[in-house]
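K.L.:
Sharing a structure with you now.
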Amino acid sequence: MTDTQRNHVVTPADSHRNGDGRRNPAPDAPGTPETSGAPDTSGTLDEALERIHLAGPERDGWLSNHAPMAVEALVRRGQAAAVHRWLDQYRSRLEDMPGSVEPVTSGNWHEALGGIDRVGDWTVFFERETDSRPWRGVLAEWWPRLLPGIAGGATHGVIRVGHSVKTLVDGEETAPRVRELAHALGYWAARFQPLPPLERLAGPADAAGALDRVPLIAEQDGEMLARLGRLTAFPDWPGGLPQGPEAARTALEELVTAATHRYATHGHASPIMLVHAATAPNAVLRTLPALPDSLWVPSLHAAWAASAAVTSAYGPRDGVPVADLRSGPQDPQEVFERAAAHGDDHTIKFADTALDVGDATALVAAGRAAELNTPVW
């Protein structure tokens, strides 16, 4: 990306065309949906990412740019025809990428870590890193450096990385997709925020029990950053180190399932923020295939810290019985189509995670997100 591009506001696409020059169907046009989860061959994702990369990762000083995450989910779940229309309505929420303060280098990166004013410098740094060597090597080097700050930016850094890696692992390694990984890593580095020292409480046997026992912070007010400073203790789950990387993956899958189910019964307390208790660990789970398996165990523990932090900061004391919520579609494709029609970025991202879990309670949770969050259209 050039400096000239970086200083221009995102504008609506003047044509929505496939890579071979054919025009995509209009967003409202009827037609057969693409196969859910299939790699994008239309060129829509790359077009959308090129539009998004003209903007920075935040607006209004702290609100995250959800466009790359929502767009990736829409394309992968068969809703590519709606992407440019969705981006057109989201355009007013995008701001220019901040300018440079001082270049980030291999010698001074420690000083820039956690400096949101350096996000433009971090983005350029990772663009250069991913231009000069394979993206998997860049990811493997920086993943363990960034894991201790997983909760920074309300976990959006790791979530954006997870969506990006998914496109690279499952599909073609195009320039816009590699660049998206650079932007995602740059945002995570700029919003890096370690948790305070925490007391380790006796851990229950499973992830659902651990989430039930997360102590809520005393004062649930203010932004996420302020709330993180009030954390005091987490249950010690999953206890001792899992026996190898595959055990870590299994435990991480359990955590994603438990957090997704919990949203059905507890999401009413903070419908937007509590989706991240599930989407953050799911982003870690999606990234595992691109990482050395030696990093899977620490990834599990970081994912648990992120999910527990969101639960402690925003969760309610009491939930709603799942039996009282069992309504709405139970077909996964219909569930996601409804989320896409709803249009809210958090609803789309959460439905994407719920479909990964795939059971009846997860689909109820996805419907609950659509009920609790304000629709766009």
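Letters A, B, ... mark the chains of the structure tokens in the order given; residue numbers begin at 1 per chain; ligand numbers begin at 1, in order shown.
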Which residues are near range 116-128 of chain A? Cut-off 6 Å, only C-alpha atoms, ignore same chain within fewer than 4 positions. Put them as a list in words.

P.N.:
Pro98, Gly99, Ser100, Pro103, Val104, Ala182, His183, Gly186, Ala190 and Arg191 of chain A

K.L.:
If we count only C-alpha atoms, what is near Ala226 in chain A at a cut-off of 12 Å, once residues fewer than 5 positions away on the same chain are taken out, given as a compact mmCIF listing (two decimals) with N, CA, C and O atoms, in the first residue's frame?

P.N.:
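What follows is the written file part_21.txt:
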# COMPACT_ATOMS: atom_id res chain seq x y z
N ALA A 151 -5.92 -9.87 25.25
CA ALA A 151 -7.16 -9.18 25.61
C ALA A 151 -7.19 -7.73 25.14
O ALA A 151 -8.24 -7.08 25.19
N GLY A 152 -6.06 -7.21 24.68
CA GLY A 152 -6.01 -5.82 24.23
C GLY A 152 -6.94 -5.57 23.06
O GLY A 152 -7.19 -6.45 22.23
N GLY A 153 -7.49 -4.35 23.00
CA GLY A 153 -8.44 -4.04 21.93
C GLY A 153 -9.68 -4.89 21.99
O GLY A 153 -10.30 -5.18 20.96
N ALA A 154 -10.07 -5.28 23.22
CA ALA A 154 -11.25 -6.14 23.43
C ALA A 154 -11.15 -7.43 22.61
O ALA A 154 -12.15 -7.93 22.11
N GLN A 193 -2.11 -5.64 25.35
CA GLN A 193 -2.42 -5.26 26.73
C GLN A 193 -2.39 -6.50 27.62
O GLN A 193 -3.31 -7.31 27.61
N LEU A 195 -2.80 -8.82 30.96
CA LEU A 195 -3.71 -8.83 32.10
C LEU A 195 -2.92 -8.57 33.38
O LEU A 195 -1.73 -8.84 33.45
N PRO A 196 -3.58 -8.06 34.43
CA PRO A 196 -2.89 -7.88 35.71
C PRO A 196 -2.59 -9.23 36.35
O PRO A 196 -3.15 -10.26 35.93
N ILE A 217 -16.06 -8.85 37.94
CA ILE A 217 -15.43 -7.68 38.55
C ILE A 217 -16.47 -6.90 39.34
O ILE A 217 -17.67 -6.94 39.04
N GLU A 219 -17.09 -3.65 39.68
CA GLU A 219 -17.76 -2.54 39.00
C GLU A 219 -17.68 -2.77 37.50
O GLU A 219 -16.64 -2.57 36.88
N GLN A 220 -18.79 -3.16 36.93
CA GLN A 220 -18.84 -3.42 35.50
C GLN A 220 -19.27 -2.14 34.77
O GLN A 220 -20.39 -2.03 34.27
N ASP A 221 -18.35 -1.20 34.70
CA ASP A 221 -18.60 0.03 33.95
C ASP A 221 -17.31 0.50 33.31
O ASP A 221 -16.22 0.06 33.66
N LEU A 231 -9.66 -7.00 37.12
CA LEU A 231 -9.67 -8.46 37.24
C LEU A 231 -8.82 -8.88 38.44
O LEU A 231 -7.77 -8.30 38.71
N ALA A 309 -11.61 -13.22 30.73
CA ALA A 309 -11.57 -11.78 30.95
C ALA A 309 -12.85 -11.12 30.48
O ALA A 309 -13.42 -10.25 31.16
N ALA A 313 -15.61 -9.31 32.92
CA ALA A 313 -15.84 -7.87 32.72
C ALA A 313 -17.28 -7.53 32.36
O ALA A 313 -17.76 -6.44 32.67

K.L.:
If you measure from CA of Thr265 in chain A to CA of Gly319 in chain A, what distance in Å do you get, rounded to one decimal?

P.N.:
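That distance, rounded to one decimal, is 4.9 Å.
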
K.L.:
Can you list every residue in range 316-373 of chain A that DSSP puts in helix (DSSP H, G or I), as a PyMOL selection string?

P.N.:
chain A and resi 322-325+332-342+345-357+360-372

K.L.:
From the set A:Gly240, A:Pro194, A:Gly229, A:Gly358, which residue has the shortest atom-to-atom contact distance to Thr257 in chain A, counting only C-alpha atoms?

P.N.:
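Result for the nearest residue to Thr257 in chain A: A:Gly358.
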
K.L.:
One decimal, Å: what's the distance from CA of Ala82 in chain A over to CA of Arg177 in chain A, could you say?

P.N.:
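So the answer is 19.2 Å.
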
K.L.:
Using only C-alpha atoms, which of the listed residues (A:Asp345, A:Glu253, A:Asp212, A:Asp359) sits closest to Thr311 in chain A?

P.N.:
A:Asp212

K.L.:
List the spatial neighbours of Thr167 in chain A as a PyMOL selection string - criterion: any atom at most 12 Å away, only C-alpha atoms, same-chain residues fewer than 3 positions off excluded.

P.N.:
chain A and resi 37-41+45-46+49+68-69+71-73+75-76+160-164+170-181+286-287+290

K.L.:
What does the file look like for those residues with N, CA and C atoms, as a CSV table (one decimal), in the first residue's frame?

P.N.:
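part-v1.csv was written with the following content:
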chain,number,residue,atom,x,y,z
A,37,GLY,N,-18.8,-22.5,3.6
A,37,GLY,CA,-17.5,-22.9,4.0
A,37,GLY,C,-16.5,-23.1,2.8
A,38,ALA,N,-17.1,-22.9,1.5
A,38,ALA,CA,-16.2,-23.1,0.4
A,38,ALA,C,-15.3,-22.0,0.1
A,39,PRO,N,-14.1,-22.2,-0.4
A,39,PRO,CA,-13.1,-21.1,-0.7
A,39,PRO,C,-13.7,-20.2,-1.7
A,40,ASP,N,-13.4,-18.9,-1.6
A,40,ASP,CA,-13.9,-17.9,-2.5
A,40,ASP,C,-13.2,-17.9,-3.8
A,41,THR,N,-13.9,-18.1,-4.9
A,41,THR,CA,-13.3,-18.1,-6.2
A,41,THR,C,-13.8,-16.9,-7.0
A,45,LEU,N,-13.8,-11.4,-2.0
A,45,LEU,CA,-13.0,-11.2,-0.8
A,45,LEU,C,-11.8,-10.3,-1.0
A,46,ASP,N,-11.1,-10.6,-2.1
A,46,ASP,CA,-9.9,-9.7,-2.4
A,46,ASP,C,-10.3,-8.3,-2.7
A,49,LEU,N,-11.2,-6.7,0.7
A,49,LEU,CA,-10.1,-6.4,1.5
A,49,LEU,C,-9.3,-5.2,1.0
A,68,PRO,N,-13.1,-6.3,8.1
A,68,PRO,CA,-12.4,-7.5,7.5
A,68,PRO,C,-12.9,-8.8,8.1
A,69,MET,N,-13.3,-8.8,9.3
A,69,MET,CA,-13.8,-10.0,10.0
A,69,MET,C,-15.2,-10.4,9.4
A,71,VAL,N,-16.7,-9.4,6.6
A,71,VAL,CA,-16.6,-9.7,5.2
A,71,VAL,C,-16.1,-11.2,5.0
A,72,GLU,N,-15.0,-11.5,5.7
A,72,GLU,CA,-14.5,-12.9,5.5
A,72,GLU,C,-15.5,-13.9,5.8
A,73,ALA,N,-16.3,-13.7,6.9
A,73,ALA,CA,-17.3,-14.7,7.3
A,73,ALA,C,-18.4,-14.7,6.3
A,75,VAL,N,-18.3,-14.1,3.1
A,75,VAL,CA,-17.9,-14.8,1.8
A,75,VAL,C,-17.8,-16.3,2.1
A,76,ARG,N,-17.2,-16.7,3.2
A,76,ARG,CA,-17.0,-18.1,3.4
A,76,ARG,C,-18.3,-18.8,3.7
A,160,ARG,N,-9.2,-10.8,14.5
A,160,ARG,CA,-8.9,-10.4,13.1
A,160,ARG,C,-7.8,-11.3,12.5
A,161,VAL,N,-6.8,-11.7,13.3
A,161,VAL,CA,-5.8,-12.6,12.8
A,161,VAL,C,-6.4,-14.0,12.5
A,162,GLY,N,-7.3,-14.4,13.4
A,162,GLY,CA,-7.9,-15.7,13.1
A,162,GLY,C,-8.7,-15.8,11.8
A,163,HIS,N,-9.4,-14.7,11.5
A,163,HIS,CA,-10.2,-14.7,10.2
A,163,HIS,C,-9.2,-14.6,9.1
A,164,SER,N,-8.1,-13.9,9.2
A,164,SER,CA,-7.1,-13.8,8.2
A,164,SER,C,-6.4,-15.1,7.9
A,170,ASP,N,-7.1,-22.1,4.1
A,170,ASP,CA,-8.1,-22.8,3.3
A,170,ASP,C,-8.2,-22.4,1.8
A,171,GLY,N,-7.6,-21.3,1.5
A,171,GLY,CA,-7.7,-20.8,0.1
A,171,GLY,C,-6.4,-20.3,-0.5
A,172,GLU,N,-6.5,-19.5,-1.5
A,172,GLU,CA,-5.3,-19.0,-2.2
A,172,GLU,C,-4.6,-17.9,-1.4
A,173,GLU,N,-3.3,-17.9,-1.5
A,173,GLU,CA,-2.5,-16.9,-0.7
A,173,GLU,C,-2.3,-15.7,-1.6
A,174,THR,N,-3.4,-14.9,-1.8
A,174,THR,CA,-3.3,-13.7,-2.7
A,174,THR,C,-2.7,-12.6,-1.9
A,175,ALA,N,-2.3,-11.6,-2.6
A,175,ALA,CA,-1.7,-10.4,-2.0
A,175,ALA,C,-2.6,-9.7,-1.0
A,176,PRO,N,-3.9,-9.5,-1.3
A,176,PRO,CA,-4.8,-8.8,-0.3
A,176,PRO,C,-4.9,-9.6,1.0
A,177,ARG,N,-4.9,-10.9,0.8
A,177,ARG,CA,-5.1,-11.8,2.0
A,177,ARG,C,-3.9,-11.8,2.9
A,178,VAL,N,-2.7,-11.8,2.3
A,178,VAL,CA,-1.5,-11.7,3.1
A,178,VAL,C,-1.4,-10.3,3.7
A,179,ARG,N,-1.8,-9.3,3.0
A,179,ARG,CA,-1.7,-8.0,3.5
A,179,ARG,C,-2.7,-7.8,4.7
A,180,GLU,N,-3.8,-8.5,4.6
A,180,GLU,CA,-4.8,-8.5,5.7
A,180,GLU,C,-4.1,-9.1,7.0
A,181,LEU,N,-3.4,-10.1,6.9
A,181,LEU,CA,-2.7,-10.7,8.0
A,181,LEU,C,-1.7,-9.6,8.6
A,286,ARG,N,-8.8,-21.5,15.1
A,286,ARG,CA,-8.6,-21.4,13.6
A,286,ARG,C,-7.1,-21.2,13.2
A,287,THR,N,-6.4,-20.6,14.1
A,287,THR,CA,-5.0,-20.3,13.8
A,287,THR,C,-4.1,-21.5,14.0
A,290,ALA,N,-1.8,-23.3,11.3
A,290,ALA,CA,-0.7,-22.5,10.7
A,290,ALA,C,0.5,-22.4,11.7

K.L.:
With a distance cut-off of 8 Å and only C-alpha atoms, select the neighbouring residues of Gly343 in chain A, excluding the residue or stretch itself and same-chain residues fewer than 5 positions from it, and output the selection as an mmCIF file with C-alpha atoms, in the first residue's frame.

P.N.:
data_model
loop_
_atom_site.group_PDB
_atom_site.id
_atom_site.type_symbol
_atom_site.label_atom_id
_atom_site.label_comp_id
_atom_site.auth_asym_id
_atom_site.auth_seq_id
_atom_site.Cartn_x
_atom_site.Cartn_y
_atom_site.Cartn_z
ATOM 1 C CA TRP A 86 -22.656 -4.406 3.330
ATOM 2 C CA ILE A 348 -22.429 -12.100 11.747
ATOM 3 C CA PRO A 375 -30.141 -4.910 13.020
ATOM 4 C CA VAL A 376 -28.441 -2.788 10.361
ATOM 5 C CA TRP A 377 -31.046 -3.032 7.636
#

K.L.:
Quick one: which range 255-350 of chain A residues come within 6 Å of range 243-248 of chain A, and what is the nearest atom pair for each with the distance in Å to one decimal, counting only C-alpha atoms, rows ordered by chain and ascending number, as a Markdown table?

P.N.:
| residue | atom | partner | partner_atom | distance |
| --- | --- | --- | --- | --- |
| A:Asp293 | CA | A:Pro245 | CA | 5.8 |
| A:Trp296 | CA | A:Pro245 | CA | 5.5 |
| A:Val297 | CA | A:Ala248 | CA | 5.4 |

K.L.:
Based on the selection just made, write C-alpha atoms of those residues as a PDB file, in the first residue's frame.

P.N.:
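Written output follows (part22.pdb):
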ATOM      1  CA  ASP A 293       2.388 -27.515  17.473  1.00  0.00           C
ATOM      2  CA  TRP A 296      -0.684 -24.973  20.836  1.00  0.00           C
ATOM      3  CA  VAL A 297      -0.583 -25.361  24.635  1.00  0.00           C
TER       4      VAL A 297
END

K.L.:
So which residues touch Pro281 in chain A within 6 Å, counting only C-alpha atoms, skipping near sequence neighbours fewer than 2 positions away, as a PyMOL selection string?

P.N.:
chain A and resi 256+278-279+283-284+303

K.L.:
Quick one: residues within 7 Å of Leu113 in chain A, only C-alpha atoms, excluding same-chain residues fewer than 4 positions away - as a short mmCIF file (atom, residue, chain, number, x, y, z; two decimals) with all heavy atoms, in the first residue's frame?

P.N.:
data_model
loop_
_atom_site.label_atom_id
_atom_site.label_comp_id
_atom_site.auth_asym_id
_atom_site.auth_seq_id
_atom_site.Cartn_x
_atom_site.Cartn_y
_atom_site.Cartn_z
N TRP A 109 11.04 -2.66 18.46
CA TRP A 109 9.64 -3.05 18.53
C TRP A 109 9.12 -3.16 19.96
O TRP A 109 7.93 -2.91 20.21
CB TRP A 109 9.40 -4.36 17.77
CG TRP A 109 10.05 -5.59 18.36
CD1 TRP A 109 11.24 -6.12 18.01
CD2 TRP A 109 9.51 -6.45 19.37
NE1 TRP A 109 11.51 -7.26 18.74
CE2 TRP A 109 10.45 -7.49 19.58
CE3 TRP A 109 8.34 -6.46 20.11
CZ2 TRP A 109 10.24 -8.51 20.51
CZ3 TRP A 109 8.11 -7.48 21.04
CH2 TRP A 109 9.07 -8.49 21.23
N ALA A 189 -0.53 -5.84 17.78
CA ALA A 189 0.68 -5.31 18.42
C ALA A 189 0.43 -3.92 19.00
O ALA A 189 0.92 -3.59 20.09
CB ALA A 189 1.82 -5.27 17.41
N ALA A 190 -0.32 -3.09 18.28
CA ALA A 190 -0.59 -1.73 18.75
C ALA A 190 -1.53 -1.70 19.94
O ALA A 190 -1.48 -0.76 20.75
CB ALA A 190 -1.15 -0.89 17.60
N PHE A 192 -1.73 -4.29 22.15
CA PHE A 192 -1.21 -5.27 23.10
C PHE A 192 -1.47 -4.79 24.53
O PHE A 192 -1.12 -3.68 24.91
CB PHE A 192 0.28 -5.45 22.86
CG PHE A 192 0.97 -6.43 23.76
CD1 PHE A 192 1.13 -7.74 23.38
CD2 PHE A 192 1.48 -6.04 24.99
CE1 PHE A 192 1.79 -8.65 24.19
CE2 PHE A 192 2.13 -6.94 25.82
CZ PHE A 192 2.28 -8.25 25.41
#
